[in-house]
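Asker: Below you will find the structure I want to go over with you.
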Amino acid sequence: TIIGDAVANLLETNGWKVYRDNHLGDWGTQFGKQIYAIKTWGNEEKIEKSKNPVKELVALYVKFHKETEKNPELEERAREWFKKLEDGDKEARRLWKKCVDWSLKEFENIYKVLGITFTENNGLGYGESFFEDKIKDILDELNSKKLLKESEGAKLVFFEKNKYPPLMIVKKDGATLYATRDLATDKFRIKEYGKDIVIINEVGMEQTLYFRQLFELEKMLGWIKEGQRIHIKHGHYRFKDEKMSTRKGNVIWLQEVLEEAVKRAEKLGSTSQNVKEAVGIGALKWNDLKRTSDQDIVFDWDEILNMKGDSGPYIQYAYARTQSVLLKSQGSRLKIQSQYNYVYNDGEVAILRYLYRFPEVVEEAAERLAPNLVCNYLFELARRFNTFYNQHSILSADSSEAKNFRLAITAAVGQVIKNGLGLLGIEAPVRM
């Protein structure tokens, strides 16, 4: 979500019309598992009254997988419940709707804290379930173009010269898969926004093969040309010795990370709740965005919430420092006059030679869909300004020319840092 938001901001800044969609996984076999677990071990009233109903659902999901280790037949019961869901069974639909509503309540709180919004479907995004009634048309088109082949009761698409493994479209029990629903999703988007649309999916890198299959199939269908479908891959948060897994229950809850981030921001001396949230959440976002997105991140509280060095708070503090200087300079002119015979020092030159690169960096970051390039730039700019600030007086400069010039540089650095952080979805507090 954080990476996708930053990429969307970069594209908008570079002139693209961007539609921000939140493609919720609100359909699929996992709901068969969840429904079975609720029916077998759950208490709907307890979930309803819980402060965090999603934690209750995850606990049941984990229990399902533990019980499956003892009794593999439970997987078949889950598939049966999902098939009932697809067939419109009232009880399956009722429980599915409850699960979605419980989840959305928590998601909306987190998106609000993160300051992230979506444009599609009244801000909710088009979840997988929205495309349920559009799947038949997809299957009809695949059949009409003779792309669907039956194999052991399931329906698959085979690629020419075995370029990729076959892609399953319908299971042997008639249930749909991600591919079925993703095809319906993209066809809807093409109809809605035009055949020249570029669709970018920000999804984990373990789905790389799947997206290659999907994109190839859409080219076979004649929907898209090369370059119109892009998969931005993100790595995973991992513990030092293992991968996080919802099925096993070994996960870190984002809400807890956000709360801890705000607490740690308070230790820096931030007293305003708004500033604490801006600093804490800024630290979390920066940590996700400062590296190439496909790298895994070993979950370490000190790394995630590092308040020094290459971190969000370091950049935010540099901005706050520029604003403090400007506030103290009330009444000073910020205009640089061409008749100045001012000789720049090395610190000023280092900043000037870097400031002008900002538009180039933003353009390149958008072209490469790489927010980390903006992070790299801002970190270096903040480092250069802090070095200059520590070595040269601004308000007590030797001459009015030097003072005004340094104030102008300070204002420019502050504006660029604020603009850059804004592209990353990070606030720039005036005071810290």
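As shown in the structure tokens, the chain order sets the letters A, B, ...; within each chain, residues go from 1, and ligands are also counted from 1 in the order they appear.
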What are the DSSP strand (DSSP E or B) residues of stretch 40-235 of chain A, as a PyMOL selection string?

Answerer: chain A and resi 148-151+154-157+167-170+176+199-204+229-234

Asker: Which polymer residues have any atom within 8 Å of an atom of A:Val18, counting only C-alpha atoms, with same-chain residues fewer than 3 positions away left out, as a list in words?

Answerer: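 Neighbouring residues, sequence-local ones excluded: Ala8, Leu11 and Glu12 of chain A.
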
Asker: Check the smallest atom-to-atom distance from each of A:Ala411, A:Ile35, A:Val58, A:Val362 to A:Arg77 using only C-alpha atoms, then report the winner.

Answerer: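 Selected residue with least distance to A:Arg77: A:Ile35.
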
Asker: Neighbouring residues of stretch 195-203 of chain A were defined as those with any atom within 12 Å, considering only C-alpha atoms; residues of the same chain fewer than 2 positions away were excluded. Please report them as a PyMOL selection string.

Answerer: chain A and resi 1-8+11+16-25+182+185-193+205-212+214-215+218+222-236+293-294+369-370

Asker: Might you pull out every residue within 12 Å of A:Thr180, with only C-alpha atoms counted and same-chain residues fewer than 6 positions away left off, and present them as an MDAnalysis selection string?

Answerer: chainID A and resid 27:28 128:129 131:142 148 155:157 167:171 174 186:187 214 217:218

Asker: Looking only at alpha helix (DSSP H) from DSSP on the backbone, list the matching residues of stretch 44-273 of chain A as an MDAnalysis selection string.

Answerer: chainID A and resid 44:49 53:70 74:87 90:114 135:144 178:193 208:220 254:267 273

Asker: Of the residues A:Val413, A:Leu395, A:Gln213, A:Ala365, which is the one nearest to A:Glu380, using only C-alpha atoms?

Answerer: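 Of all the options, A:Val413 lies closest to A:Glu380.
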
Asker: Can you tell me, as a PDB file with all heavy atoms, in the first residue's frame, what residues are no more than 12 Å from A:Arg79 when counting only C-alpha atoms, ignoring any on the same chain fewer than 3 positions away?

Answerer:
```pdb
ATOM      1  N   GLY A  28     -12.388 -16.059  -2.798  1.00  0.00           N
ATOM      2  CA  GLY A  28     -11.407 -17.125  -2.980  1.00  0.00           C
ATOM      3  C   GLY A  28     -11.511 -18.222  -1.937  1.00  0.00           C
ATOM      4  O   GLY A  28     -12.303 -18.153  -0.986  1.00  0.00           O
ATOM      5  N   THR A  29     -10.680 -19.253  -2.127  1.00  0.00           N
ATOM      6  CA  THR A  29     -10.728 -20.443  -1.272  1.00  0.00           C
ATOM      7  C   THR A  29     -10.511 -20.126   0.200  1.00  0.00           C
ATOM      8  O   THR A  29     -11.031 -20.815   1.079  1.00  0.00           O
ATOM      9  CB  THR A  29      -9.670 -21.463  -1.733  1.00  0.00           C
ATOM     10  OG1 THR A  29      -9.833 -21.690  -3.137  1.00  0.00           O
ATOM     11  CG2 THR A  29      -9.818 -22.782  -1.001  1.00  0.00           C
ATOM     12  N   GLN A  30      -9.731 -19.054   0.491  1.00  0.00           N
ATOM     13  CA  GLN A  30      -9.481 -18.728   1.898  1.00  0.00           C
ATOM     14  C   GLN A  30     -10.777 -18.442   2.643  1.00  0.00           C
ATOM     15  O   GLN A  30     -10.862 -18.647   3.856  1.00  0.00           O
ATOM     16  CB  GLN A  30      -8.506 -17.544   2.023  1.00  0.00           C
ATOM     17  CG  GLN A  30      -9.064 -16.185   1.644  1.00  0.00           C
ATOM     18  CD  GLN A  30      -8.885 -15.886   0.173  1.00  0.00           C
ATOM     19  OE1 GLN A  30      -8.769 -16.771  -0.640  1.00  0.00           O
ATOM     20  NE2 GLN A  30      -8.881 -14.603  -0.173  1.00  0.00           N
ATOM     21  N   PHE A  31     -11.811 -17.990   1.909  1.00  0.00           N
ATOM     22  CA  PHE A  31     -13.098 -17.745   2.574  1.00  0.00           C
ATOM     23  C   PHE A  31     -13.809 -19.054   2.887  1.00  0.00           C
ATOM     24  O   PHE A  31     -14.579 -19.136   3.844  1.00  0.00           O
ATOM     25  CB  PHE A  31     -13.970 -16.810   1.738  1.00  0.00           C
ATOM     26  CG  PHE A  31     -13.601 -15.370   1.917  1.00  0.00           C
ATOM     27  CD1 PHE A  31     -12.751 -14.746   1.027  1.00  0.00           C
ATOM     28  CD2 PHE A  31     -14.053 -14.656   3.013  1.00  0.00           C
ATOM     29  CE1 PHE A  31     -12.376 -13.426   1.206  1.00  0.00           C
ATOM     30  CE2 PHE A  31     -13.696 -13.340   3.207  1.00  0.00           C
ATOM     31  CZ  PHE A  31     -12.843 -12.727   2.293  1.00  0.00           C
ATOM     32  N   GLY A  32     -13.565 -20.075   2.083  1.00  0.00           N
ATOM     33  CA  GLY A  32     -14.087 -21.395   2.415  1.00  0.00           C
ATOM     34  C   GLY A  32     -13.501 -21.878   3.733  1.00  0.00           C
ATOM     35  O   GLY A  32     -14.207 -22.411   4.598  1.00  0.00           O
ATOM     36  N   LYS A  33     -12.198 -21.653   3.895  1.00  0.00           N
ATOM     37  CA  LYS A  33     -11.515 -22.037   5.140  1.00  0.00           C
ATOM     38  C   LYS A  33     -12.057 -21.223   6.313  1.00  0.00           C
ATOM     39  O   LYS A  33     -12.316 -21.764   7.399  1.00  0.00           O
ATOM     40  CB  LYS A  33     -10.008 -21.814   4.996  1.00  0.00           C
ATOM     41  CG  LYS A  33      -9.361 -22.660   3.911  1.00  0.00           C
ATOM     42  CD  LYS A  33      -7.891 -22.288   3.740  1.00  0.00           C
ATOM     43  CE  LYS A  33      -7.250 -23.128   2.632  1.00  0.00           C
ATOM     44  NZ  LYS A  33      -5.828 -22.805   2.431  1.00  0.00           N
ATOM     45  N   GLN A  34     -12.214 -19.921   6.082  1.00  0.00           N
ATOM     46  CA  GLN A  34     -12.674 -19.040   7.154  1.00  0.00           C
ATOM     47  C   GLN A  34     -14.096 -19.381   7.586  1.00  0.00           C
ATOM     48  O   GLN A  34     -14.412 -19.431   8.779  1.00  0.00           O
ATOM     49  CB  GLN A  34     -12.603 -17.587   6.689  1.00  0.00           C
ATOM     50  CG  GLN A  34     -12.744 -16.570   7.808  1.00  0.00           C
ATOM     51  CD  GLN A  34     -11.489 -16.453   8.654  1.00  0.00           C
ATOM     52  OE1 GLN A  34     -10.490 -15.942   8.236  1.00  0.00           O
ATOM     53  NE2 GLN A  34     -11.573 -16.958   9.875  1.00  0.00           N
ATOM     54  N   ILE A  35     -14.960 -19.638   6.611  1.00  0.00           N
ATOM     55  CA  ILE A  35     -16.354 -19.976   6.922  1.00  0.00           C
ATOM     56  C   ILE A  35     -16.424 -21.290   7.695  1.00  0.00           C
ATOM     57  O   ILE A  35     -17.146 -21.404   8.692  1.00  0.00           O
ATOM     58  CB  ILE A  35     -17.205 -20.034   5.636  1.00  0.00           C
ATOM     59  CG1 ILE A  35     -17.355 -18.626   5.044  1.00  0.00           C
ATOM     60  CG2 ILE A  35     -18.576 -20.637   5.910  1.00  0.00           C
ATOM     61  CD1 ILE A  35     -17.921 -18.600   3.643  1.00  0.00           C
ATOM     62  N   TYR A  36     -15.653 -22.285   7.235  1.00  0.00           N
ATOM     63  CA  TYR A  36     -15.650 -23.568   7.940  1.00  0.00           C
ATOM     64  C   TYR A  36     -15.180 -23.372   9.387  1.00  0.00           C
ATOM     65  O   TYR A  36     -15.760 -23.939  10.321  1.00  0.00           O
ATOM     66  CB  TYR A  36     -14.747 -24.576   7.228  1.00  0.00           C
ATOM     67  CG  TYR A  36     -14.679 -25.913   7.936  1.00  0.00           C
ATOM     68  CD1 TYR A  36     -15.620 -26.914   7.666  1.00  0.00           C
ATOM     69  CD2 TYR A  36     -13.710 -26.170   8.904  1.00  0.00           C
ATOM     70  CE1 TYR A  36     -15.585 -28.121   8.336  1.00  0.00           C
ATOM     71  CE2 TYR A  36     -13.671 -27.375   9.581  1.00  0.00           C
ATOM     72  CZ  TYR A  36     -14.602 -28.355   9.293  1.00  0.00           C
ATOM     73  OH  TYR A  36     -14.570 -29.560   9.970  1.00  0.00           O
ATOM     74  N   GLU A  73      -8.574 -33.864   5.267  1.00  0.00           N
ATOM     75  CA  GLU A  73      -9.887 -33.790   4.612  1.00  0.00           C
ATOM     76  C   GLU A  73     -10.575 -32.441   4.826  1.00  0.00           C
ATOM     77  O   GLU A  73     -11.502 -32.084   4.095  1.00  0.00           O
ATOM     78  CB  GLU A  73     -10.792 -34.909   5.140  1.00  0.00           C
ATOM     79  CG  GLU A  73     -10.424 -36.284   4.600  1.00  0.00           C
ATOM     80  CD  GLU A  73     -11.438 -37.341   5.028  1.00  0.00           C
ATOM     81  OE1 GLU A  73     -12.512 -36.957   5.559  1.00  0.00           O
ATOM     82  OE2 GLU A  73     -11.149 -38.530   4.830  1.00  0.00           O
ATOM     83  N   LEU A  74     -10.107 -31.679   5.818  1.00  0.00           N
ATOM     84  CA  LEU A  74     -10.710 -30.375   6.067  1.00  0.00           C
ATOM     85  C   LEU A  74     -10.525 -29.440   4.875  1.00  0.00           C
ATOM     86  O   LEU A  74     -11.338 -28.534   4.658  1.00  0.00           O
ATOM     87  CB  LEU A  74     -10.102 -29.739   7.329  1.00  0.00           C
ATOM     88  CG  LEU A  74     -10.371 -30.458   8.661  1.00  0.00           C
ATOM     89  CD1 LEU A  74      -9.822 -29.645   9.822  1.00  0.00           C
ATOM     90  CD2 LEU A  74     -11.867 -30.686   8.847  1.00  0.00           C
ATOM     91  N   GLU A  75      -9.444 -29.632   4.110  1.00  0.00           N
ATOM     92  CA  GLU A  75      -9.222 -28.820   2.910  1.00  0.00           C
ATOM     93  C   GLU A  75     -10.395 -28.993   1.933  1.00  0.00           C
ATOM     94  O   GLU A  75     -10.840 -28.035   1.300  1.00  0.00           O
ATOM     95  CB  GLU A  75      -7.914 -29.218   2.219  1.00  0.00           C
ATOM     96  CG  GLU A  75      -6.652 -28.830   2.990  1.00  0.00           C
ATOM     97  CD  GLU A  75      -6.316 -27.348   2.840  1.00  0.00           C
ATOM     98  OE1 GLU A  75      -7.072 -26.620   2.151  1.00  0.00           O
ATOM     99  OE2 GLU A  75      -5.312 -26.921   3.428  1.00  0.00           O
ATOM    100  N   GLU A  76     -10.905 -30.225   1.854  1.00  0.00           N
ATOM    101  CA  GLU A  76     -12.035 -30.492   0.964  1.00  0.00           C
ATOM    102  C   GLU A  76     -13.299 -29.807   1.481  1.00  0.00           C
ATOM    103  O   GLU A  76     -14.096 -29.281   0.708  1.00  0.00           O
ATOM    104  CB  GLU A  76     -12.263 -32.005   0.857  1.00  0.00           C
ATOM    105  CG  GLU A  76     -13.307 -32.400  -0.182  1.00  0.00           C
ATOM    106  CD  GLU A  76     -12.992 -31.888  -1.587  1.00  0.00           C
ATOM    107  OE1 GLU A  76     -11.795 -31.872  -1.969  1.00  0.00           O
ATOM    108  OE2 GLU A  76     -13.940 -31.487  -2.284  1.00  0.00           O
ATOM    109  N   PHE A  82     -16.413 -22.825  -0.234  1.00  0.00           N
ATOM    110  CA  PHE A  82     -16.178 -21.781  -1.228  1.00  0.00           C
ATOM    111  C   PHE A  82     -17.064 -21.984  -2.451  1.00  0.00           C
ATOM    112  O   PHE A  82     -17.583 -21.027  -3.026  1.00  0.00           O
ATOM    113  CB  PHE A  82     -14.705 -21.717  -1.638  1.00  0.00           C
ATOM    114  CG  PHE A  82     -14.451 -20.679  -2.709  1.00  0.00           C
ATOM    115  CD1 PHE A  82     -14.831 -19.358  -2.522  1.00  0.00           C
ATOM    116  CD2 PHE A  82     -13.857 -21.025  -3.914  1.00  0.00           C
ATOM    117  CE1 PHE A  82     -14.624 -18.393  -3.506  1.00  0.00           C
ATOM    118  CE2 PHE A  82     -13.650 -20.077  -4.909  1.00  0.00           C
ATOM    119  CZ  PHE A  82     -14.031 -18.756  -4.695  1.00  0.00           C
ATOM    120  N   LYS A  83     -17.247 -23.234  -2.830  1.00  0.00           N
ATOM    121  CA  LYS A  83     -18.133 -23.526  -3.969  1.00  0.00           C
ATOM    122  C   LYS A  83     -19.554 -23.075  -3.643  1.00  0.00           C
ATOM    123  O   LYS A  83     -20.260 -22.500  -4.485  1.00  0.00           O
ATOM    124  CB  LYS A  83     -18.099 -25.020  -4.282  1.00  0.00           C
ATOM    125  CG  LYS A  83     -18.853 -25.407  -5.567  1.00  0.00           C
ATOM    126  CD  LYS A  83     -18.205 -24.790  -6.800  1.00  0.00           C
ATOM    127  CE  LYS A  83     -18.777 -25.307  -8.109  1.00  0.00           C
ATOM    128  NZ  LYS A  83     -20.173 -25.001  -8.311  1.00  0.00           N
ATOM    129  N   LYS A  84     -19.984 -23.331  -2.384  1.00  0.00           N
ATOM    130  CA  LYS A  84     -21.310 -22.859  -1.956  1.00  0.00           C
ATOM    131  C   LYS A  84     -21.387 -21.335  -2.061  1.00  0.00           C
ATOM    132  O   LYS A  84     -22.406 -20.772  -2.465  1.00  0.00           O
ATOM    133  CB  LYS A  84     -21.573 -23.271  -0.498  1.00  0.00           C
ATOM    134  CG  LYS A  84     -21.892 -24.744  -0.291  1.00  0.00           C
ATOM    135  CD  LYS A  84     -22.177 -24.990   1.183  1.00  0.00           C
ATOM    136  CE  LYS A  84     -22.486 -26.464   1.466  1.00  0.00           C
ATOM    137  NZ  LYS A  84     -22.759 -26.677   2.901  1.00  0.00           N
ATOM    138  N   LEU A  85     -20.293 -20.681  -1.662  1.00  0.00           N
ATOM    139  CA  LEU A  85     -20.250 -19.221  -1.725  1.00  0.00           C
ATOM    140  C   LEU A  85     -20.427 -18.747  -3.161  1.00  0.00           C
ATOM    141  O   LEU A  85     -21.233 -17.847  -3.436  1.00  0.00           O
ATOM    142  CB  LEU A  85     -18.909 -18.723  -1.162  1.00  0.00           C
ATOM    143  CG  LEU A  85     -18.685 -17.211  -1.129  1.00  0.00           C
ATOM    144  CD1 LEU A  85     -19.732 -16.514  -0.270  1.00  0.00           C
ATOM    145  CD2 LEU A  85     -17.282 -16.890  -0.624  1.00  0.00           C
ATOM    146  N   GLU A  86     -19.711 -19.372  -4.085  1.00  0.00           N
ATOM    147  CA  GLU A  86     -19.827 -18.992  -5.497  1.00  0.00           C
ATOM    148  C   GLU A  86     -21.205 -19.319  -6.064  1.00  0.00           C
ATOM    149  O   GLU A  86     -21.697 -18.620  -6.956  1.00  0.00           O
ATOM    150  CB  GLU A  86     -18.744 -19.688  -6.328  1.00  0.00           C
ATOM    151  CG  GLU A  86     -17.348 -19.125  -6.088  1.00  0.00           C
ATOM    152  CD  GLU A  86     -16.457 -19.260  -7.302  1.00  0.00           C
ATOM    153  OE1 GLU A  86     -16.346 -20.376  -7.840  1.00  0.00           O
ATOM    154  OE2 GLU A  86     -15.862 -18.252  -7.716  1.00  0.00           O
ATOM    155  N   ALA A  92     -23.420 -19.193   3.419  1.00  0.00           N
ATOM    156  CA  ALA A  92     -22.053 -18.873   3.008  1.00  0.00           C
ATOM    157  C   ALA A  92     -21.932 -17.379   2.716  1.00  0.00           C
ATOM    158  O   ALA A  92     -20.967 -16.722   3.136  1.00  0.00           O
ATOM    159  CB  ALA A  92     -21.656 -19.692   1.785  1.00  0.00           C
ATOM    160  N   LYS A 171     -11.233 -24.490 -11.726  1.00  0.00           N
ATOM    161  CA  LYS A 171     -10.897 -25.748 -11.048  1.00  0.00           C
ATOM    162  C   LYS A 171     -11.848 -26.853 -11.490  1.00  0.00           C
ATOM    163  O   LYS A 171     -12.906 -26.586 -12.081  1.00  0.00           O
ATOM    164  CB  LYS A 171     -10.992 -25.573  -9.531  1.00  0.00           C
ATOM    165  CG  LYS A 171     -10.004 -24.580  -8.941  1.00  0.00           C
ATOM    166  CD  LYS A 171     -10.230 -24.496  -7.439  1.00  0.00           C
ATOM    167  CE  LYS A 171      -9.348 -23.445  -6.801  1.00  0.00           C
ATOM    168  NZ  LYS A 171      -9.592 -23.319  -5.343  1.00  0.00           N
ATOM    169  N   LYS A 172     -11.502 -28.073 -11.154  1.00  0.00           N
ATOM    170  CA  LYS A 172     -12.338 -29.204 -11.575  1.00  0.00           C
ATOM    171  C   LYS A 172     -13.718 -29.176 -10.933  1.00  0.00           C
ATOM    172  O   LYS A 172     -14.664 -29.757 -11.463  1.00  0.00           O
ATOM    173  CB  LYS A 172     -11.638 -30.532 -11.297  1.00  0.00           C
ATOM    174  CG  LYS A 172     -11.373 -30.833  -9.837  1.00  0.00           C
ATOM    175  CD  LYS A 172     -10.659 -32.168  -9.690  1.00  0.00           C
ATOM    176  CE  LYS A 172     -10.365 -32.503  -8.224  1.00  0.00           C
ATOM    177  NZ  LYS A 172      -9.646 -33.796  -8.100  1.00  0.00           N
ATOM    178  N   ASP A 173     -13.865 -28.487  -9.780  1.00  0.00           N
ATOM    179  CA  ASP A 173     -15.185 -28.389  -9.144  1.00  0.00           C
ATOM    180  C   ASP A 173     -15.972 -27.187  -9.668  1.00  0.00           C
ATOM    181  O   ASP A 173     -17.064 -26.885  -9.176  1.00  0.00           O
ATOM    182  CB  ASP A 173     -15.059 -28.326  -7.621  1.00  0.00           C
ATOM    183  CG  ASP A 173     -14.336 -27.079  -7.133  1.00  0.00           C
ATOM    184  OD1 ASP A 173     -13.907 -26.259  -7.976  1.00  0.00           O
ATOM    185  OD2 ASP A 173     -14.174 -26.916  -5.898  1.00  0.00           O
ATOM    186  N   GLY A 174     -15.396 -26.477 -10.649  1.00  0.00           N
ATOM    187  CA  GLY A 174     -16.095 -25.333 -11.252  1.00  0.00           C
ATOM    188  C   GLY A 174     -15.797 -24.006 -10.576  1.00  0.00           C
ATOM    189  O   GLY A 174     -16.268 -22.955 -11.038  1.00  0.00           O
ATOM    190  N   ALA A 175     -15.002 -24.011  -9.490  1.00  0.00           N
ATOM    191  CA  ALA A 175     -14.685 -22.767  -8.780  1.00  0.00           C
ATOM    192  C   ALA A 175     -13.647 -21.958  -9.559  1.00  0.00           C
ATOM    193  O   ALA A 175     -12.842 -22.505 -10.309  1.00  0.00           O
ATOM    194  CB  ALA A 175     -14.168 -23.078  -7.376  1.00  0.00           C
ATOM    195  N   THR A 176     -13.663 -20.638  -9.345  1.00  0.00           N
ATOM    196  CA  THR A 176     -12.729 -19.752 -10.036  1.00  0.00           C
ATOM    197  C   THR A 176     -11.425 -19.609  -9.254  1.00  0.00           C
ATOM    198  O   THR A 176     -11.323 -20.015  -8.102  1.00  0.00           O
ATOM    199  CB  THR A 176     -13.343 -18.363 -10.233  1.00  0.00           C
ATOM    200  OG1 THR A 176     -13.654 -17.805  -8.943  1.00  0.00           O
ATOM    201  CG2 THR A 176     -14.604 -18.442 -11.067  1.00  0.00           C
ATOM    202  N   LEU A 177     -10.437 -18.980  -9.899  1.00  0.00           N
ATOM    203  CA  LEU A 177      -9.142 -18.729  -9.266  1.00  0.00           C
ATOM    204  C   LEU A 177      -8.785 -17.255  -9.437  1.00  0.00           C
ATOM    205  O   LEU A 177      -9.505 -16.489 -10.064  1.00  0.00           O
ATOM    206  CB  LEU A 177      -8.051 -19.591  -9.901  1.00  0.00           C
ATOM    207  CG  LEU A 177      -8.196 -21.113  -9.765  1.00  0.00           C
ATOM    208  CD1 LEU A 177      -8.860 -21.677 -11.004  1.00  0.00           C
ATOM    209  CD2 LEU A 177      -6.824 -21.747  -9.572  1.00  0.00           C
TER     210      LEU A 177
END
```

Asker: Which residues come within 12 Å of A:Lys46, counting only C-alpha atoms, excluding same-chain residues fewer than 5 positions away, as an NGL selection string?

Answerer: :A and (38 or 41 or 51-57)

Asker: Determine, for each residue of stretch 68-117 of chain A having at least one atom at most 10 Å from an atom of stretch 244-266 of chain A, the closest pair of atoms and their separation in Å to one decimal, counting only C-alpha atoms; order by chain and ascending number, as CSV.

Answerer:
```
residue,atom,partner,partner_atom,distance
A:Glu106,CA,A:Gln255,CA,9.2
A:Phe107,CA,A:Gln255,CA,9.8
A:Asn109,CA,A:Gln255,CA,9.1
A:Ile110,CA,A:Gln255,CA,7.0
A:Val113,CA,A:Leu258,CA,8.4
A:Leu114,CA,A:Leu258,CA,8.9
```

Asker: So how many Å separate atom CA of A:Pro429 and atom CA of A:Pro359, to one decimal?

Answerer: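 Spanning atom CA of A:Pro429 to atom CA of A:Pro359 is a straight-line distance of 22.6 Å.
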